[in-house]
Every structure is written in C-alpha cells, then in structure tokens.
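What's in structure_8.csv: CSV, C-alpha atoms
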```csv
chain,number,residue,atom,x,y,z
A,1,ASP,CA,-5.9,-18.6,5.8
A,2,THR,CA,-4.3,-16.0,8.0
A,3,GLY,CA,-3.6,-13.4,5.3
A,4,VAL,CA,-0.3,-12.2,3.9
A,5,SER,CA,2.7,-13.0,6.1
A,6,GLN,CA,6.2,-11.6,6.0
A,7,ASP,CA,9.4,-12.8,7.6
A,8,PRO,CA,11.3,-11.5,9.3
A,9,ARG,CA,9.4,-8.6,10.9
A,10,HIS,CA,12.6,-6.7,11.7
A,11,LYS,CA,16.1,-6.9,10.3
A,12,ILE,CA,19.2,-5.0,11.3
A,13,THR,CA,22.2,-5.4,9.1
A,14,LYS,CA,25.5,-3.8,8.5
A,15,ARG,CA,26.1,-1.8,5.4
A,16,GLY,CA,27.4,-3.9,2.6
A,17,GLN,CA,25.7,-7.1,3.7
A,18,ASN,CA,23.0,-8.9,1.8
A,19,VAL,CA,19.5,-9.5,3.1
A,20,THR,CA,16.6,-11.6,2.0
A,21,PHE,CA,13.0,-11.2,2.9
A,22,ARG,CA,10.1,-13.6,2.4
A,23,CYS,CA,6.5,-13.1,1.7
A,24,ASP,CA,3.7,-15.7,1.8
A,25,PRO,CA,0.6,-14.4,0.0
A,26,ILE,CA,-3.0,-15.4,0.5
A,27,SER,CA,-3.1,-18.8,-1.0
A,28,GLU,CA,-5.6,-18.2,-3.9
A,29,HIS,CA,-4.1,-14.9,-4.9
A,30,ASN,CA,-2.0,-15.1,-8.1
A,31,ARG,CA,-0.8,-11.5,-7.9
A,32,LEU,CA,2.0,-10.4,-5.6
A,33,TYR,CA,3.5,-7.0,-5.1
A,34,TRP,CA,6.5,-5.6,-3.2
A,35,TYR,CA,6.4,-2.0,-2.0
A,36,ARG,CA,8.8,0.1,0.1
A,37,GLN,CA,7.6,2.6,2.7
A,38,THR,CA,9.7,5.2,4.4
A,39,LEU,CA,8.7,7.4,7.3
A,40,GLY,CA,6.0,9.8,6.5
A,41,GLN,CA,5.5,8.5,3.0
A,42,GLY,CA,3.1,6.3,1.2
A,43,PRO,CA,4.1,2.9,-0.1
A,44,GLU,CA,6.3,3.1,-3.2
A,45,PHE,CA,6.0,0.3,-5.8
A,46,LEU,CA,9.0,-1.9,-6.4
A,47,THR,CA,7.8,-4.9,-8.4
A,48,TYR,CA,4.9,-7.1,-9.3
A,49,PHE,CA,4.4,-10.8,-10.1
A,50,GLN,CA,1.5,-12.6,-11.7
A,51,ASN,CA,2.0,-16.2,-10.8
A,52,GLU,CA,5.7,-16.9,-11.2
A,53,ALA,CA,6.2,-14.2,-13.8
A,54,GLN,CA,7.7,-10.8,-12.8
A,55,LEU,CA,5.7,-8.5,-15.0
A,56,GLU,CA,6.7,-5.1,-13.8
A,57,LYS,CA,9.6,-3.5,-12.1
A,58,SER,CA,9.9,0.1,-10.9
A,59,ARG,CA,12.6,2.2,-12.5
A,60,LEU,CA,13.6,3.1,-9.0
A,61,LEU,CA,14.6,-0.6,-8.3
A,62,SER,CA,18.3,-0.7,-8.6
A,63,ASP,CA,20.2,-3.7,-9.8
A,64,ARG,CA,21.1,-4.5,-6.2
A,65,PHE,CA,17.4,-5.6,-5.7
A,66,SER,CA,16.1,-8.8,-7.0
A,67,ALA,CA,12.8,-10.6,-6.4
A,68,GLU,CA,11.6,-14.1,-7.2
A,69,ARG,CA,8.5,-16.1,-7.0
A,70,PRO,CA,9.7,-19.5,-8.2
A,71,LYS,CA,6.5,-21.6,-8.0
A,72,GLY,CA,4.0,-18.8,-8.0
A,73,SER,CA,3.4,-19.1,-4.3
A,74,PHE,CA,5.8,-17.4,-1.9
A,75,SER,CA,8.2,-14.7,-2.9
A,76,THR,CA,11.6,-13.5,-1.8
A,77,LEU,CA,13.1,-10.0,-2.1
A,78,GLU,CA,16.9,-9.8,-1.9
A,79,ILE,CA,19.0,-6.7,-1.4
A,80,GLN,CA,22.7,-7.0,-2.1
A,81,ARG,CA,25.4,-4.7,-0.7
A,82,THR,CA,22.9,-2.9,1.5
A,83,GLU,CA,23.2,0.9,1.9
A,84,GLN,CA,21.9,3.1,4.6
A,85,GLY,CA,19.3,4.5,2.2
A,86,ASP,CA,17.8,1.1,1.9
A,87,SER,CA,16.5,1.4,5.5
A,88,ALA,CA,12.7,1.3,5.2
A,89,MET,CA,9.6,-0.9,5.7
A,90,TYR,CA,9.3,-3.4,2.9
A,91,LEU,CA,5.7,-4.4,2.3
A,92,CYS,CA,4.3,-7.3,0.5
A,93,ALA,CA,0.7,-7.5,-0.9
A,94,SER,CA,-1.3,-9.9,-2.8
A,95,SER,CA,-4.5,-9.8,-4.8
A,96,LEU,CA,-6.7,-11.8,-7.2
A,97,GLU,CA,-6.3,-11.3,-10.9
A,98,ALA,CA,-9.8,-9.9,-11.2
A,99,VAL,CA,-10.0,-6.3,-12.4
A,100,MET,CA,-10.8,-3.6,-9.7
A,101,THR,CA,-9.9,-5.8,-6.8
A,102,GLU,CA,-8.0,-4.6,-3.8
A,103,ALA,CA,-4.6,-5.7,-2.5
A,104,PHE,CA,-4.1,-7.2,0.9
A,105,PHE,CA,-1.0,-6.2,2.7
A,106,GLY,CA,1.3,-8.0,5.1
A,107,GLN,CA,2.7,-6.3,8.2
A,108,GLY,CA,6.0,-5.6,6.6
A,109,THR,CA,9.6,-6.2,7.2
A,110,ARG,CA,11.4,-3.2,8.8
A,111,LEU,CA,15.0,-3.0,7.6
A,112,THR,CA,17.6,-1.0,9.4
A,113,VAL,CA,21.0,-0.7,7.8
A,114,VAL,CA,23.7,0.5,10.2
B,1,GLY,CA,0.6,9.0,-15.6
B,2,ASN,CA,-1.1,7.9,-12.4
B,3,SER,CA,-0.8,9.8,-9.1
B,4,VAL,CA,-2.6,10.5,-5.9
B,5,THR,CA,-2.5,13.7,-4.0
B,6,GLN,CA,-3.7,13.7,-0.4
B,7,MET,CA,-4.3,16.4,2.1
B,8,GLU,CA,-1.3,16.9,4.3
B,9,GLY,CA,-1.5,16.2,8.0
B,10,PRO,CA,-1.2,15.8,10.8
B,11,VAL,CA,-4.9,16.2,11.6
B,12,THR,CA,-6.0,16.5,15.3
B,13,LEU,CA,-9.7,16.3,16.1
B,14,SER,CA,-11.7,16.0,19.3
B,15,GLU,CA,-13.8,13.0,19.7
B,16,GLU,CA,-17.2,13.2,17.9
B,17,ALA,CA,-15.9,15.8,15.4
B,18,PHE,CA,-16.5,15.6,11.7
B,19,LEU,CA,-13.6,14.3,9.6
B,20,THR,CA,-12.7,15.1,6.0
B,21,ILE,CA,-9.5,14.0,4.4
B,22,ASN,CA,-9.1,15.2,0.8
B,23,CYS,CA,-7.8,13.1,-2.0
B,24,THR,CA,-7.5,13.9,-5.7
B,25,TYR,CA,-6.1,11.7,-8.4
B,26,THR,CA,-4.7,11.6,-11.9
B,27,ALA,CA,-5.2,8.4,-13.9
B,28,THR,CA,-4.5,7.2,-17.4
B,29,GLY,CA,-7.7,5.1,-17.7
B,30,TYR,CA,-10.6,4.4,-15.4
B,31,PRO,CA,-9.2,3.6,-12.0
B,32,SER,CA,-10.6,1.9,-8.9
B,33,LEU,CA,-10.1,4.0,-5.8
B,34,PHE,CA,-9.3,2.9,-2.3
B,35,TRP,CA,-8.8,4.2,1.2
B,36,TYR,CA,-6.4,2.2,3.3
B,37,VAL,CA,-5.8,2.7,7.1
B,38,GLN,CA,-2.6,1.9,9.0
B,39,TYR,CA,-2.9,1.7,12.8
B,40,PRO,CA,0.2,2.1,14.9
B,41,GLY,CA,2.5,-1.0,14.5
B,42,GLU,CA,0.2,-2.7,12.0
B,43,GLY,CA,0.1,-3.2,8.2
B,44,LEU,CA,-2.2,-1.4,5.8
B,45,GLN,CA,-5.8,-2.5,5.9
B,46,LEU,CA,-8.4,-1.8,3.3
B,47,LEU,CA,-11.0,0.6,4.7
B,48,LEU,CA,-13.2,1.1,1.6
B,49,LYS,CA,-13.2,1.1,-2.1
B,50,ALA,CA,-15.2,2.3,-5.2
B,51,THR,CA,-14.8,0.9,-8.6
B,52,LYS,CA,-16.6,3.4,-10.9
B,53,ALA,CA,-17.8,7.0,-11.0
B,54,ASP,CA,-20.5,8.0,-8.5
B,55,ASP,CA,-20.0,4.8,-6.4
B,56,LYS,CA,-19.9,5.3,-2.7
B,57,GLY,CA,-17.6,3.1,-0.6
B,58,SER,CA,-18.4,2.8,3.1
B,59,ASN,CA,-17.2,1.0,6.1
B,60,LYS,CA,-17.1,1.5,9.9
B,61,GLY,CA,-18.9,4.9,9.5
B,62,PHE,CA,-16.4,6.1,6.9
B,63,GLU,CA,-17.6,7.1,3.4
B,64,ALA,CA,-16.0,8.2,0.2
B,65,THR,CA,-17.7,9.0,-3.2
B,66,TYR,CA,-15.9,8.5,-6.5
B,67,ARG,CA,-16.2,11.9,-8.3
B,68,LYS,CA,-15.0,11.6,-11.8
B,69,GLU,CA,-15.8,15.2,-12.7
B,70,THR,CA,-13.5,16.5,-9.9
B,71,THR,CA,-11.2,13.5,-9.9
B,72,SER,CA,-11.7,13.2,-6.2
B,73,PHE,CA,-12.3,10.6,-3.5
B,74,HIS,CA,-12.6,12.5,-0.2
B,75,LEU,CA,-12.8,10.4,3.0
B,76,GLU,CA,-15.5,11.5,5.5
B,77,LYS,CA,-16.8,10.4,8.9
B,78,GLY,CA,-19.5,12.1,10.8
B,79,SER,CA,-18.2,11.4,14.3
B,80,VAL,CA,-14.7,10.3,14.9
B,81,GLN,CA,-13.6,8.2,17.9
B,82,VAL,CA,-10.2,7.8,19.6
B,83,SER,CA,-9.9,4.4,18.1
B,84,ASP,CA,-9.9,6.1,14.6
B,85,SER,CA,-6.4,7.5,15.3
B,86,ALA,CA,-4.2,6.1,12.5
B,87,VAL,CA,-2.6,7.0,9.2
B,88,TYR,CA,-5.0,7.1,6.2
B,89,PHE,CA,-3.8,6.4,2.6
B,90,CYS,CA,-5.7,7.1,-0.6
B,91,ALA,CA,-4.8,4.8,-3.5
B,92,LEU,CA,-5.8,4.0,-7.0
B,93,SER,CA,-5.4,1.0,-9.3
B,94,ASP,CA,-5.6,1.6,-13.0
B,95,ARG,CA,-5.3,-1.3,-15.3
B,96,ALA,CA,-4.5,0.9,-18.2
B,97,GLY,CA,-1.6,2.4,-16.3
B,98,GLY,CA,-0.1,-0.9,-15.2
B,99,ASN,CA,-1.0,-3.3,-12.5
B,100,GLN,CA,0.4,-1.6,-9.5
B,101,PHE,CA,-1.4,0.5,-6.9
B,102,TYR,CA,-0.5,4.1,-6.5
B,103,PHE,CA,-0.6,5.7,-3.0
B,104,GLY,CA,-0.8,9.1,-1.6
B,105,THR,CA,1.6,10.2,1.1
B,106,GLY,CA,-0.8,9.5,3.9
B,107,THR,CA,-2.6,11.7,6.4
B,108,SER,CA,-2.1,11.1,10.1
B,109,LEU,CA,-5.2,11.5,12.3
B,110,THR,CA,-5.1,11.8,16.0
B,111,VAL,CA,-8.4,11.9,17.9
B,112,ILE,CA,-8.3,13.3,21.4
B,113,PRO,CA,-10.9,12.5,24.1
```

Please rewrite the model in this file as structure tokens.
Amino acid sequence: DTGVSQDPRHKITKRGQNVTFRCDPISEHNRLYWYRQTLGQGPEFLTYFQNEAQLEKSRLLSDRFSAERPKGSFSTLEIQRTEQGDSAMYLCASSLEAVMTEAFFGQGTRLTVV
Amino acid sequence: GNSVTQMEGPVTLSEEAFLTINCTYTATGYPSLFWYVQYPGEGLQLLLKATKADDKGSNKGFEATYRKETTSFHLEKGSVQVSDSAVYFCALSDRAGGNQFYFGTGTSLTVIP
C-alpha cells in the first residue's frame, strides 16, 4: 500500500466552472477526511466519512461543496460554480476507526481559480 | 469547543541549536495530541503523538510531553539540523468533540548552516 493518494495534484479552473477531486485512502482505513489548507494556515476541516456514511460536515462547507464515498473506498469532492476564494490546497486523510489513532494525509490537490 | 494555539513563526535557528515550539490546546473531553510536519512540496506527515496525560511522544530526536495541567504539548529538539526545516503543526483529536482533527496554524522553521 502506497498511502493516501489524491488526484489531480494541481487544478487550474476558471471561475464558475465545476471541479472534482478524488482521494484513495489507505485500503484498510474506514475513516476518510477532507480538509482545506490556505497559505499560512493549518488544515481546516470540511467533512468526514466512516465507511460510506458522511457523518460530519463543517458549517463552513457551503452548498456548492459536495462529497461522496459511494462504496466506502475512494471519495470525491466536488465544488460547483467555483469562486476565487475556493483557491486552496485540498487535503484528504484516512485513519482506522480505533480511538486515539492518527490520520494519514495525502499530498493534496492544489486548486487555483482564475 | 476544541482548538489548538501554536507559537507563531517563522522561527530561524542555526544548526545544532535547541528548538521549542509551543502548543496549547482546549478540548471538550480527553484528547489525543499530535505533531505533524510538512516539508516543502509534500503532504503532512505524523511526527509524534501522545494519547494520555504525561505520555511523551518522540521521533527523529523530537519530543513532546502531554501536560494536562497546563493543557500543553510543546515540541522540543535538542540539536536541529538543516533537514528539519519545515512547517510544524500541532493537532488534537477528541472523540467527545467529534471525529475530526483540529490543527494549529503551523510554525515555519528554517535551520541555517
């Protein structure tokens, strides 16, 4: 297993377009997280899945954002009608269900909205 | 609620200097505490963790002790190297406060030869 992988690594899109990112977690991990990171800031929680169920969503997650994990394996994060403020690094992480365990992060997808 | 406050950077040290990066937290329940490191152009990597009070996490010469009485988890290293230049994030996970991880804003460290 090669860890958490994210695709694409970089995405440049025009304002108003839709974008979709993919995350493949570590295979035995049933928890999957999406975070957003802007320059000079720490990762900011967006949403969390346990298996295929989306159990938590940040209040900061607007209705233009949607995430899925249809079979409890890979996940997608879609942003509709992108805005310049959506420009950020989008991080995916996965972990085991066990209490007190750490999350393993992918290298992220850097989104630039022009 | 849950939050993490980290010492602001950037921090610049000479090689072999002593490093301390302060981290304090607020948590609803009994959190696990983590330090993550982000090297230039790479993703976040776990550096060390501690899951209960008085535990000491250690890795690659870095150490941090979970201090419940001061709600702190300061990162230390006795002798830094140029290769330690990176951004360091303190984080907590608190089951009682939800299943997400809460991160500090990060501290950028540059070690000069």

Using only C-alpha atoms, which residues of chain A come within 9 Å of chain B, and what is the closest atom pair for each, with the distance in Å to one decimal? Give it as a tab-separated table, sorted by chain and residue number.
```
residue	atom	partner	partner_atom	distance
A:Tyr33	CA	B:Gln100	CA	7.6
A:Gly40	CA	B:Thr105	CA	7.0
A:Gln41	CA	B:Thr105	CA	4.7
A:Gly42	CA	B:Thr105	CA	4.2
A:Pro43	CA	B:Phe103	CA	6.2
A:Glu44	CA	B:Phe103	CA	7.4
A:Phe45	CA	B:Gln100	CA	7.0
A:Thr47	CA	B:Gln100	CA	8.2
A:Tyr48	CA	B:Gln100	CA	7.1
A:Leu55	CA	B:Asn99	CA	8.8
A:Glu56	CA	B:Asn99	CA	8.0
A:Leu91	CA	B:Gly43	CA	8.2
A:Val99	CA	B:Arg95	CA	7.4
A:Met100	CA	B:Ser32	CA	5.6
A:Thr101	CA	B:Ser32	CA	8.0
A:Glu102	CA	B:Leu46	CA	7.6
A:Ala103	CA	B:Leu46	CA	8.0
A:Phe104	CA	B:Gln45	CA	7.1
A:Phe105	CA	B:Leu44	CA	5.8
A:Gly106	CA	B:Gly43	CA	5.8
A:Gln107	CA	B:Gly43	CA	4.0
A:Gly108	CA	B:Gly43	CA	6.6
```

Can you tell me, as a compact mmCIF listing (two decimals) with C-alpha atoms, in the frame of the given file, what residues are no more than 10 Å from Glu83 of chain A when counting all atoms listed in the file, ignoring any on the same chain fewer than 2 positions away?
```
# COMPACT_ATOMS: atom_id res chain seq x y z
CA THR A 13 22.20 -5.40 9.10
CA LYS A 14 25.50 -3.80 8.50
CA ARG A 15 26.10 -1.80 5.40
CA GLY A 16 27.40 -3.90 2.60
CA GLN A 17 25.70 -7.10 3.70
CA ASN A 18 23.00 -8.90 1.80
CA ARG A 64 21.10 -4.50 -6.20
CA ILE A 79 19.00 -6.70 -1.40
CA GLN A 80 22.70 -7.00 -2.10
CA ARG A 81 25.40 -4.70 -0.70
CA GLY A 85 19.30 4.50 2.20
CA ASP A 86 17.80 1.10 1.90
CA SER A 87 16.50 1.40 5.50
CA THR A 112 17.60 -1.00 9.40
CA VAL A 113 21.00 -0.70 7.80
CA VAL A 114 23.70 0.50 10.20
```

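Atom CA of Lys57 of chain A lies 28.1 Å from atom CA of Met7 of chain B.
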
Problem set entry | Computed interatomic separation between atom CA of Glu97 of chain A and atom CA of Ser27 of chain A (Å) |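 Calculated distance between atom CA of Glu97 of chain A and atom CA of Ser27 of chain A is 12.8 Å.
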
Problem set entry | Near-Leu13 of chain B list (7 Å; all atoms listed in the file; drop same-chain fewer than 6 positions) as a list in words |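 Close residues of Leu13 of chain B: Thr110, Val111 and Ile112 of chain B.
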
Quick one: write out the picked residues with C-alpha atoms as a compact mmCIF listing (two decimals), in the coordinates of the input?
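New file out-v4.txt:
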```txt
# COMPACT_ATOMS: atom_id res chain seq x y z
CA THR B 110 -5.10 11.80 16.00
CA VAL B 111 -8.40 11.90 17.90
CA ILE B 112 -8.30 13.30 21.40
```

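Residues in contact with Ala67 of chain A at up to 8 Å, not including ones fewer than 3 positions away on its chain and judged by only C-alpha atoms, are Thr47, Ser75, Thr76, Leu77 and Glu78 of chain A.
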
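Atom CA of Ser73 of chain A is positioned 12.6 Å from atom CA of Gln54 of chain A.
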
Exercise. From the list B:Thr26, B:Thr65, B:Pro40, B:Phe18, which residue is nearest Lys77 of chain B when using all atoms listed in the file?
Worked result: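 Using all atoms listed in the file, the shortest distance to Lys77 of chain B belongs to B:Phe18.
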
For this session: Go through B:Thr71, B:Glu15, B:Thr20, B:Tyr39 one by one, measure the shortest atom-to-atom distance of each to Ser3 of chain B using only C-alpha atoms, and give the residue with the smallest value.
Result: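 Of B:Thr71, B:Glu15, B:Thr20, B:Tyr39, the one nearest Ser3 of chain B is B:Thr71, counting only C-alpha atoms.
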
Problem set entry | Residues near Glu52 of chain A, cut-off 10 Å, all atoms listed in the file, skip fewer than 5 positions along chain, as a PyMOL selection string | chain A and resi 30-32+68-75
